[in-house]
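Worksheet: the structure to be examined is printed underneath.
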Amino acid sequence: MKAVFMLFFTMIFLASCQENVPFYEKNTVIPNVSWDYNFKPSYTVQITDKDAQYDVYINLRHAVSYPFSNIYVFLHEEGPGMPNKSTRYEFSLAEPDGRWIGKSAGNLYEQTKLLKEGLSFPDTGKYSFSFEQNMAENPLRGVNDVGIKLIKR
């Protein structure tokens, strides 16, 4: 009986730890670790609950050979009942002293940045998001992959 109680308690505890589990997450490898202006990774998300709110994040991994301390990207959005929209974001990738920010694994650094907090969709249906690099250098060397994550609140 004690074992059944412990199993039940453990299941309840683990279920309560499921906060911030992504509703949707997908990452795209950048070909040849060189992000060209014309390569715009795109993601289609099926929204079934128009009353829910979502936090939208960008996932970005870059090599230590990335030549800048920041990155500019456009987030393009479109979907039912929503006007097509493009927003430009800048992210710091390094400290002022040159140390990279984020989690490291060998010569790669990873960051997840909040883009939109509490986003609600006007209707159910398919919504598309895409990223476009907006730096002066083309192609942009040293970017390994980019992706999107939506967390339902």
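Chain lettering (A, B, ...) mirrors the order of the structure tokens, residue numbering begins at 1 for each chain separately, and ligand numbering begins at 1 in order of display.
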
Contact residues around Leu108 of chain A with only C-alpha atoms at 8 Å, ignoring same-chain residues under 2 positions, as a ChimeraX atom specification: /A:61-64,104-106,110

Using DSSP on the backbone coordinates, identify the residues of chain A assigned to strand (DSSP E); present them as a short mmCIF file (atom, residue, chain, number, x, y, z; two decimals) with N, CA, C and O atoms, in the first residue's frame.
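Saved result, result_32.cif, follows:
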```
data_model
loop_
_atom_site.label_atom_id
_atom_site.label_comp_id
_atom_site.auth_asym_id
_atom_site.auth_seq_id
_atom_site.Cartn_x
_atom_site.Cartn_y
_atom_site.Cartn_z
N TYR A 24 4.57 24.23 -29.04
CA TYR A 24 5.15 23.99 -30.36
C TYR A 24 6.62 24.40 -30.30
O TYR A 24 6.94 25.46 -29.75
N GLU A 25 7.48 23.57 -30.83
CA GLU A 25 8.90 23.94 -30.94
C GLU A 25 9.51 23.21 -32.12
O GLU A 25 9.32 22.01 -32.29
N LYS A 26 10.22 23.98 -32.94
CA LYS A 26 10.90 23.39 -34.09
C LYS A 26 12.11 24.25 -34.42
O LYS A 26 12.04 25.48 -34.38
N ASN A 27 13.21 23.59 -34.75
CA ASN A 27 14.44 24.27 -35.11
C ASN A 27 14.85 23.86 -36.52
O ASN A 27 14.57 22.74 -36.95
N THR A 28 15.53 24.76 -37.22
CA THR A 28 15.95 24.52 -38.59
C THR A 28 17.46 24.74 -38.69
O THR A 28 17.96 25.78 -38.27
N VAL A 29 18.14 23.77 -39.27
CA VAL A 29 19.58 23.87 -39.49
C VAL A 29 19.83 24.86 -40.62
O VAL A 29 19.15 24.83 -41.65
N SER A 34 25.88 29.15 -42.87
CA SER A 34 25.92 30.48 -43.50
C SER A 34 24.49 30.87 -43.85
O SER A 34 23.92 30.36 -44.81
N TRP A 35 23.93 31.81 -43.10
CA TRP A 35 22.53 32.19 -43.25
C TRP A 35 22.39 33.26 -44.31
O TRP A 35 22.74 34.41 -44.12
N SER A 42 10.65 28.68 -41.98
CA SER A 42 9.23 28.94 -41.78
C SER A 42 8.61 27.84 -40.93
O SER A 42 8.98 26.67 -41.04
N TYR A 43 7.63 28.23 -40.11
CA TYR A 43 6.98 27.32 -39.18
C TYR A 43 5.49 27.56 -39.21
O TYR A 43 5.04 28.70 -39.12
N THR A 44 4.71 26.48 -39.33
CA THR A 44 3.26 26.58 -39.34
C THR A 44 2.72 25.95 -38.07
O THR A 44 3.01 24.80 -37.76
N VAL A 45 1.93 26.73 -37.35
CA VAL A 45 1.38 26.31 -36.06
C VAL A 45 -0.13 26.23 -36.17
O VAL A 45 -0.77 27.18 -36.65
N GLN A 46 -0.70 25.12 -35.76
CA GLN A 46 -2.16 24.94 -35.75
C GLN A 46 -2.70 25.40 -34.41
O GLN A 46 -2.38 24.82 -33.37
N ILE A 47 -3.52 26.45 -34.42
CA ILE A 47 -4.12 26.99 -33.21
C ILE A 47 -5.57 26.50 -33.13
O ILE A 47 -6.35 26.72 -34.05
N GLN A 53 -3.39 32.18 -24.50
CA GLN A 53 -2.28 33.10 -24.75
C GLN A 53 -0.99 32.29 -24.83
O GLN A 53 -0.85 31.26 -24.17
N TYR A 54 -0.05 32.80 -25.61
CA TYR A 54 1.20 32.10 -25.86
C TYR A 54 2.38 33.07 -25.70
O TYR A 54 2.29 34.23 -26.07
N ASP A 55 3.47 32.54 -25.19
CA ASP A 55 4.74 33.26 -25.21
C ASP A 55 5.53 32.69 -26.38
O ASP A 55 5.62 31.47 -26.55
N VAL A 56 6.09 33.58 -27.20
CA VAL A 56 6.80 33.18 -28.41
C VAL A 56 8.28 33.48 -28.22
O VAL A 56 8.66 34.60 -27.87
N TYR A 57 9.12 32.48 -28.49
CA TYR A 57 10.56 32.59 -28.32
C TYR A 57 11.28 32.26 -29.63
O TYR A 57 10.77 31.52 -30.46
N ILE A 58 12.49 32.80 -29.76
CA ILE A 58 13.40 32.39 -30.82
C ILE A 58 14.49 31.55 -30.17
O ILE A 58 14.96 31.86 -29.07
N ASN A 59 14.84 30.45 -30.81
CA ASN A 59 15.98 29.63 -30.42
C ASN A 59 17.09 29.93 -31.42
O ASN A 59 16.83 29.95 -32.63
N LEU A 60 18.29 30.14 -30.95
CA LEU A 60 19.40 30.47 -31.84
C LEU A 60 20.66 29.79 -31.34
O LEU A 60 20.98 29.87 -30.15
N ARG A 61 21.35 29.10 -32.25
CA ARG A 61 22.65 28.51 -31.93
C ARG A 61 23.67 29.06 -32.92
O ARG A 61 23.43 29.08 -34.13
N HIS A 62 24.81 29.48 -32.37
CA HIS A 62 25.87 30.01 -33.23
C HIS A 62 27.21 29.44 -32.77
O HIS A 62 27.37 29.00 -31.63
N ALA A 63 28.18 29.47 -33.68
CA ALA A 63 29.52 28.98 -33.40
C ALA A 63 30.35 30.10 -32.76
O ALA A 63 30.02 31.28 -32.88
N ASN A 70 26.19 40.65 -31.79
CA ASN A 70 24.73 40.74 -31.79
C ASN A 70 24.20 40.14 -33.09
O ASN A 70 24.97 39.74 -33.97
N ILE A 71 22.89 40.12 -33.19
CA ILE A 71 22.24 39.67 -34.43
C ILE A 71 20.92 40.40 -34.55
O ILE A 71 20.23 40.65 -33.55
N TYR A 72 20.58 40.79 -35.79
CA TYR A 72 19.26 41.36 -36.11
C TYR A 72 18.50 40.32 -36.92
O TYR A 72 19.04 39.74 -37.87
N VAL A 73 17.25 40.09 -36.54
CA VAL A 73 16.39 39.18 -37.29
C VAL A 73 15.01 39.81 -37.44
O VAL A 73 14.59 40.62 -36.62
N PHE A 74 14.34 39.44 -38.53
CA PHE A 74 12.93 39.77 -38.71
C PHE A 74 12.12 38.55 -38.34
O PHE A 74 12.47 37.42 -38.72
N LEU A 75 11.02 38.77 -37.64
CA LEU A 75 10.00 37.74 -37.43
C LEU A 75 8.82 38.15 -38.29
O LEU A 75 8.26 39.23 -38.12
N HIS A 76 8.47 37.28 -39.25
CA HIS A 76 7.30 37.51 -40.11
C HIS A 76 6.16 36.64 -39.59
O HIS A 76 6.36 35.46 -39.31
N GLU A 77 4.95 37.22 -39.50
CA GLU A 77 3.78 36.51 -38.99
C GLU A 77 2.61 36.68 -39.94
O GLU A 77 2.41 37.77 -40.48
N GLU A 78 1.84 35.62 -40.12
CA GLU A 78 0.59 35.72 -40.89
C GLU A 78 -0.35 34.60 -40.48
O GLU A 78 0.07 33.56 -39.99
N GLY A 79 -1.66 34.86 -40.67
CA GLY A 79 -2.65 33.86 -40.33
C GLY A 79 -4.05 34.43 -40.39
O GLY A 79 -4.24 35.62 -40.64
N MET A 82 -5.49 37.98 -38.99
CA MET A 82 -4.33 38.71 -38.50
C MET A 82 -3.62 39.34 -39.69
O MET A 82 -3.33 38.65 -40.66
N PRO A 83 -3.35 40.63 -39.65
CA PRO A 83 -2.63 41.23 -40.77
C PRO A 83 -1.20 40.70 -40.83
O PRO A 83 -0.61 40.40 -39.79
N ASN A 84 -0.65 40.54 -42.04
CA ASN A 84 0.75 40.13 -42.17
C ASN A 84 1.61 41.17 -41.48
O ASN A 84 1.41 42.37 -41.65
N LYS A 85 2.55 40.71 -40.70
CA LYS A 85 3.33 41.62 -39.88
C LYS A 85 4.79 41.16 -39.86
O LYS A 85 5.07 39.96 -39.81
N SER A 86 5.70 42.13 -39.90
CA SER A 86 7.13 41.86 -39.75
C SER A 86 7.68 42.76 -38.66
O SER A 86 7.43 43.96 -38.66
N THR A 87 8.42 42.16 -37.74
CA THR A 87 9.01 42.91 -36.63
C THR A 87 10.50 42.60 -36.60
O THR A 87 10.90 41.44 -36.68
N ARG A 88 11.30 43.65 -36.45
CA ARG A 88 12.75 43.49 -36.38
C ARG A 88 13.19 43.44 -34.92
O ARG A 88 12.75 44.26 -34.10
N TYR A 89 14.04 42.48 -34.60
CA TYR A 89 14.57 42.31 -33.25
C TYR A 89 16.09 42.32 -33.29
O TYR A 89 16.70 41.84 -34.25
N GLU A 90 16.69 42.84 -32.23
CA GLU A 90 18.14 42.75 -32.05
C GLU A 90 18.40 41.97 -30.77
O GLU A 90 17.75 42.19 -29.75
N PHE A 91 19.37 41.06 -30.83
CA PHE A 91 19.76 40.28 -29.67
C PHE A 91 21.25 40.40 -29.44
O PHE A 91 22.03 40.28 -30.38
N SER A 92 21.63 40.62 -28.20
CA SER A 92 23.04 40.56 -27.82
C SER A 92 23.42 39.11 -27.69
O SER A 92 22.71 38.33 -27.06
N LYS A 103 24.06 29.09 -23.22
CA LYS A 103 24.56 27.76 -22.88
C LYS A 103 25.60 27.37 -23.93
O LYS A 103 25.38 27.56 -25.13
N SER A 104 26.67 26.76 -23.47
CA SER A 104 27.69 26.34 -24.43
C SER A 104 27.81 24.83 -24.46
O SER A 104 27.59 24.16 -23.45
N ALA A 105 28.14 24.34 -25.63
CA ALA A 105 28.44 22.92 -25.84
C ALA A 105 29.57 22.88 -26.86
O ALA A 105 29.35 23.04 -28.06
N LEU A 108 29.78 25.69 -29.67
CA LEU A 108 28.45 26.22 -29.98
C LEU A 108 27.85 26.91 -28.76
O LEU A 108 28.03 26.46 -27.62
N TYR A 109 27.12 27.99 -29.02
CA TYR A 109 26.40 28.70 -27.97
C TYR A 109 24.93 28.76 -28.36
O TYR A 109 24.61 29.01 -29.52
N GLU A 110 24.08 28.56 -27.37
CA GLU A 110 22.64 28.52 -27.60
C GLU A 110 21.94 29.52 -26.71
O GLU A 110 22.26 29.66 -25.53
N GLN A 111 20.98 30.24 -27.30
CA GLN A 111 20.15 31.17 -26.55
C GLN A 111 18.70 30.99 -26.95
O GLN A 111 18.40 30.68 -28.10
N THR A 112 17.82 31.22 -26.00
CA THR A 112 16.39 31.29 -26.26
C THR A 112 15.93 32.65 -25.74
O THR A 112 16.13 32.96 -24.57
N LYS A 113 15.36 33.45 -26.64
CA LYS A 113 14.95 34.81 -26.28
C LYS A 113 13.45 34.97 -26.46
O LYS A 113 12.88 34.53 -27.46
N LEU A 114 12.82 35.64 -25.51
CA LEU A 114 11.39 35.94 -25.58
C LEU A 114 11.15 37.02 -26.62
O LEU A 114 11.77 38.09 -26.57
N LEU A 115 10.28 36.75 -27.58
CA LEU A 115 9.91 37.73 -28.61
C LEU A 115 8.57 38.39 -28.29
O LEU A 115 8.42 39.60 -28.43
N LYS A 116 7.58 37.58 -27.93
CA LYS A 116 6.23 38.08 -27.67
C LYS A 116 5.70 37.40 -26.42
O LYS A 116 5.79 36.19 -26.29
N GLU A 117 5.12 38.19 -25.55
CA GLU A 117 4.56 37.67 -24.31
C GLU A 117 3.05 37.81 -24.35
O GLU A 117 2.52 38.88 -24.67
N GLY A 118 2.35 36.71 -24.05
CA GLY A 118 0.89 36.75 -23.98
C GLY A 118 0.22 36.97 -25.32
O GLY A 118 -0.83 37.63 -25.38
N LEU A 119 0.78 36.42 -26.39
CA LEU A 119 0.18 36.56 -27.73
C LEU A 119 -1.11 35.78 -27.80
O LEU A 119 -1.18 34.62 -27.42
N SER A 120 -2.20 36.45 -28.25
CA SER A 120 -3.45 35.74 -28.51
C SER A 120 -3.72 35.81 -30.00
O SER A 120 -3.41 36.78 -30.65
N GLY A 125 -6.97 28.13 -36.48
CA GLY A 125 -6.44 27.88 -37.82
C GLY A 125 -4.93 27.81 -37.83
O GLY A 125 -4.28 27.73 -36.79
N LYS A 126 -4.39 27.86 -39.05
CA LYS A 126 -2.94 27.75 -39.22
C LYS A 126 -2.32 29.14 -39.29
O LYS A 126 -2.75 29.98 -40.07
N TYR A 127 -1.29 29.32 -38.47
CA TYR A 127 -0.53 30.56 -38.43
C TYR A 127 0.91 30.26 -38.82
O TYR A 127 1.46 29.23 -38.41
N SER A 128 1.49 31.15 -39.61
CA SER A 128 2.86 30.95 -40.08
C SER A 128 3.78 32.00 -39.49
O SER A 128 3.43 33.18 -39.40
N PHE A 129 4.95 31.53 -39.11
CA PHE A 129 6.03 32.39 -38.61
C PHE A 129 7.27 32.06 -39.42
O PHE A 129 7.50 30.90 -39.76
N SER A 130 8.06 33.07 -39.74
CA SER A 130 9.34 32.81 -40.39
C SER A 130 10.36 33.81 -39.88
O SER A 130 10.02 34.90 -39.43
N PHE A 131 11.62 33.40 -39.96
CA PHE A 131 12.74 34.25 -39.54
C PHE A 131 13.59 34.60 -40.74
O PHE A 131 13.81 33.77 -41.62
N GLU A 132 14.10 35.82 -40.73
CA GLU A 132 14.99 36.30 -41.78
C GLU A 132 16.14 37.04 -41.10
O GLU A 132 15.90 37.89 -40.24
N GLN A 133 17.36 36.71 -41.46
CA GLN A 133 18.49 37.44 -40.88
C GLN A 133 18.54 38.82 -41.51
O GLN A 133 18.21 39.00 -42.67
N LEU A 140 25.46 35.26 -43.67
CA LEU A 140 25.91 35.49 -42.31
C LEU A 140 26.54 34.19 -41.79
O LEU A 140 25.85 33.20 -41.55
N ARG A 141 27.86 34.19 -41.67
CA ARG A 141 28.60 33.00 -41.26
C ARG A 141 28.48 32.76 -39.75
O ARG A 141 28.37 33.70 -38.98
N VAL A 143 26.12 30.95 -37.97
CA VAL A 143 24.82 30.62 -37.38
C VAL A 143 24.50 29.17 -37.73
O VAL A 143 24.41 28.82 -38.91
N ASN A 144 24.35 28.35 -36.72
CA ASN A 144 24.11 26.92 -36.94
C ASN A 144 22.64 26.58 -37.16
O ASN A 144 22.32 25.80 -38.04
N ASP A 145 21.78 27.12 -36.31
CA ASP A 145 20.35 26.87 -36.50
C ASP A 145 19.54 27.93 -35.79
O ASP A 145 20.03 28.64 -34.92
N VAL A 146 18.29 28.01 -36.23
CA VAL A 146 17.33 28.95 -35.67
C VAL A 146 16.01 28.22 -35.54
O VAL A 146 15.74 27.28 -36.30
N GLY A 147 15.21 28.63 -34.57
CA GLY A 147 13.94 27.96 -34.39
C GLY A 147 12.98 28.80 -33.58
O GLY A 147 13.31 29.91 -33.13
N ILE A 148 11.78 28.26 -33.44
CA ILE A 148 10.72 28.97 -32.73
C ILE A 148 10.15 28.04 -31.65
O ILE A 148 10.15 26.81 -31.81
N LYS A 149 9.71 28.66 -30.57
CA LYS A 149 9.07 27.92 -29.48
C LYS A 149 7.88 28.72 -29.01
O LYS A 149 8.02 29.91 -28.77
N LEU A 150 6.72 28.08 -28.90
CA LEU A 150 5.53 28.69 -28.33
C LEU A 150 5.17 27.93 -27.05
O LEU A 150 5.10 26.69 -27.06
N ILE A 151 4.98 28.67 -25.98
CA ILE A 151 4.57 28.07 -24.71
C ILE A 151 3.19 28.63 -24.38
O ILE A 151 2.99 29.85 -24.34
N LYS A 152 2.25 27.70 -24.19
CA LYS A 152 0.88 28.10 -23.85
C LYS A 152 0.82 28.47 -22.39
O LYS A 152 1.33 27.74 -21.54
#
```

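The space between atom CA of Met135 of chain A and atom CA of Tyr66 of chain A spans 12.2 Å.
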
All alpha helix (DSSP H) residues (DSSP, backbone) inside segment 11-134 of chain A, as an NGL selection string: :A and (11-16)
